[in-house]
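J.: So here's start-v9.txt, just compact mmCIF, N, CA, C and O atoms:
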```
# COMPACT_ATOMS: atom_id res chain seq x y z
N MET I 1 52.44 4.68 14.14
CA MET I 1 51.49 3.69 13.68
C MET I 1 51.10 2.81 14.87
O MET I 1 51.96 2.37 15.61
N ALA I 2 49.82 2.58 15.02
CA ALA I 2 49.34 1.80 16.15
C ALA I 2 49.47 0.32 15.85
O ALA I 2 49.21 -0.15 14.75
N VAL I 3 49.85 -0.41 16.85
CA VAL I 3 50.00 -1.86 16.72
C VAL I 3 48.74 -2.49 17.33
O VAL I 3 48.39 -2.21 18.45
N HIS I 4 48.07 -3.31 16.55
CA HIS I 4 46.85 -3.98 17.01
C HIS I 4 47.21 -5.40 17.43
O HIS I 4 47.97 -6.09 16.75
N SER I 5 46.60 -5.81 18.49
CA SER I 5 46.84 -7.20 18.90
C SER I 5 46.00 -8.12 18.03
O SER I 5 44.98 -7.74 17.47
N ALA I 6 46.44 -9.32 17.91
CA ALA I 6 45.73 -10.30 17.08
C ALA I 6 44.34 -10.56 17.61
O ALA I 6 43.39 -10.76 16.85
N GLY I 7 44.18 -10.52 18.94
CA GLY I 7 42.86 -10.76 19.54
C GLY I 7 41.88 -9.66 19.21
O GLY I 7 40.70 -9.91 18.93
N ALA I 8 42.34 -8.40 19.18
CA ALA I 8 41.45 -7.27 18.86
C ALA I 8 41.00 -7.33 17.41
O ALA I 8 39.84 -7.05 17.09
N VAL I 9 41.91 -7.68 16.52
CA VAL I 9 41.57 -7.79 15.10
C VAL I 9 40.57 -8.91 14.89
O VAL I 9 39.59 -8.77 14.16
N ARG I 10 40.82 -10.05 15.54
CA ARG I 10 39.92 -11.20 15.41
C ARG I 10 38.54 -10.85 15.95
O ARG I 10 37.51 -11.19 15.37
N GLU I 11 38.50 -10.13 17.08
CA GLU I 11 37.21 -9.74 17.69
C GLU I 11 36.45 -8.79 16.78
O GLU I 11 35.23 -8.91 16.62
N LYS I 12 37.16 -7.85 16.15
CA LYS I 12 36.51 -6.91 15.24
C LYS I 12 35.94 -7.65 14.02
O LYS I 12 34.83 -7.39 13.59
N LYS I 13 36.70 -8.59 13.48
CA LYS I 13 36.22 -9.37 12.34
C LYS I 13 35.00 -10.19 12.72
O LYS I 13 34.04 -10.31 11.96
N GLN I 14 35.01 -10.76 13.94
CA GLN I 14 33.88 -11.55 14.40
C GLN I 14 32.66 -10.66 14.57
O GLN I 14 31.55 -11.04 14.19
N THR I 15 32.84 -9.45 15.11
CA THR I 15 31.74 -8.52 15.28
C THR I 15 31.16 -8.13 13.93
O THR I 15 29.93 -8.06 13.76
N MET I 16 32.01 -7.87 12.94
CA MET I 16 31.54 -7.52 11.60
C MET I 16 30.79 -8.70 10.98
O MET I 16 29.77 -8.51 10.32
N ALA I 17 31.28 -9.90 11.19
CA ALA I 17 30.60 -11.09 10.65
C ALA I 17 29.24 -11.27 11.31
O ALA I 17 28.26 -11.60 10.64
N GLU I 18 29.15 -11.03 12.61
CA GLU I 18 27.86 -11.13 13.31
C GLU I 18 26.89 -10.07 12.81
O GLU I 18 25.70 -10.34 12.63
N LEU I 19 27.38 -8.86 12.56
CA LEU I 19 26.54 -7.79 12.03
C LEU I 19 26.02 -8.16 10.65
O LEU I 19 24.83 -8.00 10.35
N LYS I 20 26.90 -8.67 9.80
CA LYS I 20 26.50 -9.08 8.46
C LYS I 20 25.47 -10.21 8.52
O LYS I 20 24.48 -10.20 7.79
N LEU I 21 25.69 -11.17 9.42
CA LEU I 21 24.75 -12.28 9.59
C LEU I 21 23.39 -11.77 10.05
O LEU I 21 22.35 -12.20 9.55
N ARG I 22 23.39 -10.83 11.01
CA ARG I 22 22.12 -10.28 11.50
C ARG I 22 21.38 -9.56 10.39
O ARG I 22 20.17 -9.72 10.23
N ARG I 23 22.08 -8.77 9.59
CA ARG I 23 21.44 -8.06 8.47
C ARG I 23 20.86 -9.04 7.45
O ARG I 23 19.75 -8.85 6.97
N LEU I 24 21.61 -10.08 7.13
CA LEU I 24 21.10 -11.07 6.18
C LEU I 24 19.90 -11.83 6.73
O LEU I 24 18.96 -12.14 6.01
N THR I 25 19.94 -12.10 8.03
CA THR I 25 18.80 -12.79 8.67
C THR I 25 17.56 -11.91 8.63
O THR I 25 16.45 -12.39 8.33
N GLU I 26 17.71 -10.61 8.90
CA GLU I 26 16.57 -9.69 8.84
C GLU I 26 16.03 -9.56 7.42
O GLU I 26 14.82 -9.55 7.21
N LEU I 27 16.94 -9.47 6.45
CA LEU I 27 16.52 -9.41 5.05
C LEU I 27 15.76 -10.68 4.66
O LEU I 27 14.72 -10.62 4.00
N ASN I 28 16.27 -11.82 5.08
CA ASN I 28 15.63 -13.09 4.79
C ASN I 28 14.22 -13.13 5.39
O ASN I 28 13.27 -13.60 4.75
N ALA I 29 14.07 -12.63 6.61
CA ALA I 29 12.75 -12.61 7.26
C ALA I 29 11.79 -11.71 6.49
O ALA I 29 10.61 -12.06 6.28
N ARG I 30 12.27 -10.53 6.05
CA ARG I 30 11.40 -9.63 5.28
C ARG I 30 10.99 -10.26 3.95
O ARG I 30 9.84 -10.14 3.51
N LEU I 31 11.92 -10.93 3.30
CA LEU I 31 11.60 -11.58 2.03
C LEU I 31 10.61 -12.72 2.23
O LEU I 31 9.72 -12.93 1.39
N ARG I 32 10.72 -13.45 3.33
CA ARG I 32 9.76 -14.51 3.62
C ARG I 32 8.36 -13.93 3.86
O ARG I 32 7.36 -14.50 3.44
N GLU I 33 8.29 -12.78 4.56
CA GLU I 33 7.00 -12.12 4.77
C GLU I 33 6.39 -11.71 3.44
O GLU I 33 5.18 -11.87 3.23
N ASP I 34 7.21 -11.17 2.53
CA ASP I 34 6.71 -10.81 1.20
C ASP I 34 6.21 -12.03 0.45
O ASP I 34 5.19 -11.98 -0.24
N LEU I 35 6.93 -13.13 0.59
CA LEU I 35 6.55 -14.36 -0.10
C LEU I 35 5.23 -14.91 0.45
O LEU I 35 4.41 -15.45 -0.30
N ASP I 36 5.00 -14.76 1.75
CA ASP I 36 3.78 -15.28 2.38
C ASP I 36 2.56 -14.39 2.15
O ASP I 36 1.44 -14.82 2.41
N ARG I 37 2.77 -13.17 1.67
CA ARG I 37 1.65 -12.24 1.44
C ARG I 37 0.75 -12.81 0.35
O ARG I 37 1.22 -13.29 -0.68
N PRO I 38 -0.59 -12.78 0.57
CA PRO I 38 -1.49 -13.31 -0.45
C PRO I 38 -1.40 -12.49 -1.74
O PRO I 38 -1.28 -11.28 -1.70
N ARG I 39 -1.46 -13.18 -2.84
CA ARG I 39 -1.34 -12.54 -4.16
C ARG I 39 -2.65 -12.69 -4.92
O ARG I 39 -3.40 -13.63 -4.72
N VAL I 40 -2.90 -11.74 -5.81
CA VAL I 40 -4.05 -11.80 -6.70
C VAL I 40 -3.50 -11.75 -8.13
O VAL I 40 -2.64 -10.91 -8.44
N LYS I 41 -3.98 -12.63 -8.96
CA LYS I 41 -3.54 -12.63 -10.35
C LYS I 41 -3.98 -11.34 -11.02
O LYS I 41 -5.02 -10.77 -10.69
N VAL I 42 -3.19 -10.87 -11.96
CA VAL I 42 -3.50 -9.62 -12.67
C VAL I 42 -4.83 -9.74 -13.38
O VAL I 42 -5.64 -8.80 -13.37
N SER I 43 -5.11 -10.87 -13.97
CA SER I 43 -6.37 -11.04 -14.70
C SER I 43 -7.56 -10.94 -13.75
O SER I 43 -8.58 -10.34 -14.10
N GLU I 44 -7.42 -11.48 -12.54
CA GLU I 44 -8.51 -11.39 -11.55
C GLU I 44 -8.69 -9.94 -11.08
O GLU I 44 -9.82 -9.47 -10.92
N ALA I 45 -7.59 -9.24 -10.87
CA ALA I 45 -7.67 -7.84 -10.44
C ALA I 45 -8.32 -6.98 -11.52
O ALA I 45 -9.17 -6.13 -11.22
N CYS I 46 -7.96 -7.20 -12.78
CA CYS I 46 -8.55 -6.45 -13.89
C CYS I 46 -10.04 -6.74 -14.00
O CYS I 46 -10.85 -5.83 -14.20
N HIS I 47 -10.39 -8.01 -13.88
CA HIS I 47 -11.80 -8.38 -13.95
C HIS I 47 -12.59 -7.71 -12.83
O HIS I 47 -13.70 -7.20 -13.04
N SER I 48 -12.03 -7.68 -11.64
CA SER I 48 -12.68 -7.04 -10.50
C SER I 48 -12.86 -5.54 -10.75
O SER I 48 -13.92 -4.97 -10.45
N MET I 49 -11.84 -4.88 -11.30
CA MET I 49 -11.94 -3.45 -11.59
C MET I 49 -12.98 -3.17 -12.66
O MET I 49 -13.76 -2.21 -12.54
N ILE I 50 -13.02 -3.98 -13.68
CA ILE I 50 -14.00 -3.80 -14.75
C ILE I 50 -15.41 -3.99 -14.21
O ILE I 50 -16.31 -3.19 -14.49
N THR I 51 -15.62 -5.01 -13.41
CA THR I 51 -16.93 -5.25 -12.81
C THR I 51 -17.35 -4.08 -11.92
O THR I 51 -18.49 -3.62 -11.98
N TYR I 52 -16.43 -3.57 -11.13
CA TYR I 52 -16.73 -2.44 -10.25
C TYR I 52 -17.12 -1.20 -11.06
O TYR I 52 -18.11 -0.54 -10.75
N THR I 53 -16.34 -0.89 -12.10
CA THR I 53 -16.64 0.32 -12.88
C THR I 53 -17.92 0.18 -13.68
O THR I 53 -18.59 1.18 -13.93
N ARG I 54 -18.28 -1.01 -14.04
CA ARG I 54 -19.54 -1.19 -14.77
C ARG I 54 -20.76 -1.14 -13.85
O ARG I 54 -21.83 -0.71 -14.27
N ASN I 55 -20.60 -1.56 -12.61
CA ASN I 55 -21.74 -1.65 -11.70
C ASN I 55 -21.87 -0.47 -10.75
O ASN I 55 -22.91 -0.32 -10.11
N THR I 56 -20.85 0.36 -10.64
CA THR I 56 -20.89 1.48 -9.70
C THR I 56 -21.06 2.77 -10.48
O THR I 56 -20.23 3.12 -11.31
N LYS I 57 -22.14 3.47 -10.19
CA LYS I 57 -22.40 4.72 -10.88
C LYS I 57 -21.43 5.79 -10.40
O LYS I 57 -21.19 5.94 -9.22
N ASP I 58 -20.89 6.51 -11.36
CA ASP I 58 -20.02 7.63 -11.05
C ASP I 58 -20.79 8.89 -11.41
O ASP I 58 -20.99 9.20 -12.59
N PHE I 59 -21.21 9.62 -10.41
CA PHE I 59 -22.05 10.79 -10.62
C PHE I 59 -21.28 11.94 -11.26
O PHE I 59 -21.87 12.90 -11.71
N MET I 60 -19.97 11.84 -11.29
CA MET I 60 -19.16 12.88 -11.90
C MET I 60 -19.01 12.69 -13.42
O MET I 60 -18.42 13.51 -14.08
N VAL I 61 -19.56 11.60 -13.97
CA VAL I 61 -19.48 11.33 -15.41
C VAL I 61 -20.90 11.15 -15.95
O VAL I 61 -21.32 10.04 -16.26
N PRO I 62 -21.66 12.25 -16.09
CA PRO I 62 -23.04 12.11 -16.58
C PRO I 62 -23.11 11.67 -18.04
O PRO I 62 -24.13 11.13 -18.47
N SER I 63 -22.03 11.85 -18.81
CA SER I 63 -22.06 11.41 -20.21
C SER I 63 -22.17 9.89 -20.31
O SER I 63 -22.69 9.36 -21.28
N THR I 64 -21.70 9.18 -19.32
CA THR I 64 -21.77 7.73 -19.32
C THR I 64 -23.04 7.24 -18.66
O THR I 64 -23.70 6.33 -19.16
N TRP I 65 -23.41 7.83 -17.52
CA TRP I 65 -24.52 7.33 -16.72
C TRP I 65 -25.81 8.13 -16.90
O TRP I 65 -26.83 7.78 -16.34
N GLY I 66 -25.76 9.20 -17.68
CA GLY I 66 -26.95 10.03 -17.86
C GLY I 66 -27.12 10.96 -16.67
O GLY I 66 -26.35 10.94 -15.71
N GLN I 67 -28.11 11.81 -16.74
CA GLN I 67 -28.36 12.74 -15.64
C GLN I 67 -28.83 11.97 -14.41
O GLN I 67 -29.60 11.03 -14.51
N VAL I 68 -28.36 12.38 -13.29
CA VAL I 68 -28.65 11.70 -12.04
C VAL I 68 -29.73 12.46 -11.29
O VAL I 68 -29.73 13.69 -11.25
N ASP I 69 -30.65 11.70 -10.72
CA ASP I 69 -31.69 12.32 -9.90
C ASP I 69 -31.02 13.00 -8.71
O ASP I 69 -30.09 12.46 -8.11
N LYS I 70 -31.48 14.19 -8.36
CA LYS I 70 -30.87 14.96 -7.28
C LYS I 70 -30.89 14.21 -5.95
O LYS I 70 -30.03 14.39 -5.11
N ARG I 71 -31.88 13.36 -5.74
CA ARG I 71 -31.95 12.60 -4.49
C ARG I 71 -30.84 11.55 -4.41
O ARG I 71 -30.42 11.17 -3.34
N GLU I 72 -30.37 11.07 -5.56
CA GLU I 72 -29.33 10.05 -5.59
C GLU I 72 -27.93 10.62 -5.65
O GLU I 72 -26.96 9.92 -5.38
N ASP I 73 -27.81 11.91 -6.00
CA ASP I 73 -26.50 12.51 -6.22
C ASP I 73 -25.87 12.97 -4.90
O ASP I 73 -26.35 13.91 -4.28
N PRO I 74 -24.80 12.31 -4.45
CA PRO I 74 -24.18 12.73 -3.20
C PRO I 74 -23.41 14.05 -3.33
O PRO I 74 -23.08 14.68 -2.33
N TYR I 75 -23.17 14.51 -4.58
CA TYR I 75 -22.43 15.74 -4.79
C TYR I 75 -23.34 16.94 -5.01
O TYR I 75 -22.85 18.06 -5.17
N ALA I 76 -24.64 16.72 -5.04
CA ALA I 76 -25.58 17.82 -5.27
C ALA I 76 -25.58 18.75 -4.05
O ALA I 76 -25.49 18.30 -2.92
N PRO I 77 -25.69 20.06 -4.29
CA PRO I 77 -25.75 20.98 -3.16
C PRO I 77 -27.04 20.79 -2.37
O PRO I 77 -28.09 20.45 -2.93
N ILE I 78 -26.96 21.00 -1.08
CA ILE I 78 -28.13 20.86 -0.22
C ILE I 78 -29.00 22.11 -0.40
O ILE I 78 -28.53 23.24 -0.21
N ALA I 79 -30.27 21.90 -0.76
CA ALA I 79 -31.16 23.02 -1.07
C ALA I 79 -31.76 23.64 0.19
O ALA I 79 -31.99 24.84 0.24
N ASN I 80 -32.03 22.84 1.20
CA ASN I 80 -32.69 23.40 2.38
C ASN I 80 -31.68 23.68 3.48
O ASN I 80 -30.63 23.07 3.55
N GLY I 81 -32.01 24.62 4.34
CA GLY I 81 -31.15 24.94 5.49
C GLY I 81 -30.04 25.89 5.10
O GLY I 81 -29.86 26.25 3.94
N PRO I 82 -29.30 26.33 6.10
CA PRO I 82 -28.20 27.25 5.84
C PRO I 82 -27.05 26.55 5.14
O PRO I 82 -26.99 25.33 5.04
N GLY I 83 -26.12 27.35 4.63
CA GLY I 83 -24.96 26.80 3.95
C GLY I 83 -24.01 26.10 4.91
O GLY I 83 -24.34 25.87 6.08
N CYS I 84 -22.86 25.77 4.44
CA CYS I 84 -21.93 25.02 5.28
C CYS I 84 -21.29 25.87 6.37
O CYS I 84 -20.83 25.36 7.36
N CYS I 85 -21.26 27.16 6.17
CA CYS I 85 -20.64 28.05 7.15
C CYS I 85 -21.72 28.87 7.85
O CYS I 85 -22.35 29.72 7.24
N VAL I 86 -21.89 28.62 9.12
CA VAL I 86 -22.92 29.32 9.89
C VAL I 86 -22.25 29.96 11.09
O VAL I 86 -21.49 29.33 11.81
N ILE I 87 -22.56 31.22 11.32
CA ILE I 87 -22.03 31.92 12.48
C ILE I 87 -23.12 31.95 13.53
O ILE I 87 -24.22 32.43 13.30
N CYS I 88 -22.83 31.40 14.68
CA CYS I 88 -23.82 31.35 15.77
C CYS I 88 -23.68 32.52 16.69
O CYS I 88 -22.66 33.01 16.96
```
Could you show the structure in this file as structure tokens?
T.:
Amino acid sequence: MAVHSAGAVREKKQTMAELKLRRLTELNARLREDLDRPRVKVSEACHSMITYTRNTKDFMVPSTWGQVDKREDPYAPIANGPGCCVIC
């Protein structure tokens, strides 16, 4: 059985305490960053989403917005010119 000197044991305990303190300090800093992050109330976020969905046309849902003019539809296939794959 190995005999440890009192100084070595004390030094190890101090090192462990310093490690624990450093970890707690880092955790505290991360929590403070989270606390300082700007927040949006749920009601404001919901209102913003509702406003966006009511005012932004979704061309993939014609049942809601009606048929979309081909000039306005970003998903419409391009009628003129070659396709997307061209061999030169």
J.: What is the distance, in Å and to one decimal place, between atom N of Asp34 in chain I and atom O of Arg22 in chain I?
T.: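 Taking atom N of Asp34 in chain I as the start and atom O of Arg22 in chain I as the end point, the length is 15.1 Å.
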J.: Just the number, please: distance in Å from CA of Arg71 in chain I to atom O of Thr56 in chain I, one decimal.
T.: 16.5 Å
J.: By how many Å are atom O of Ala76 in chain I and atom N of Ser63 in chain I apart?
T.: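 Distance reported for this atom pair: 17.5 Å.
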J.: Using all atoms of range 25-39 of chain I listed in the file and a margin of 8 Å per side, can you give the axis-aligned box centre and edge lengths in Å to one decimal, as AutoDock Vina command-line options?
T.:
```
--center_x 8.3 --center_y -12.4 --center_z 2.0 --size_x 39.3 --size_y 22.0 --size_z 29.8
```
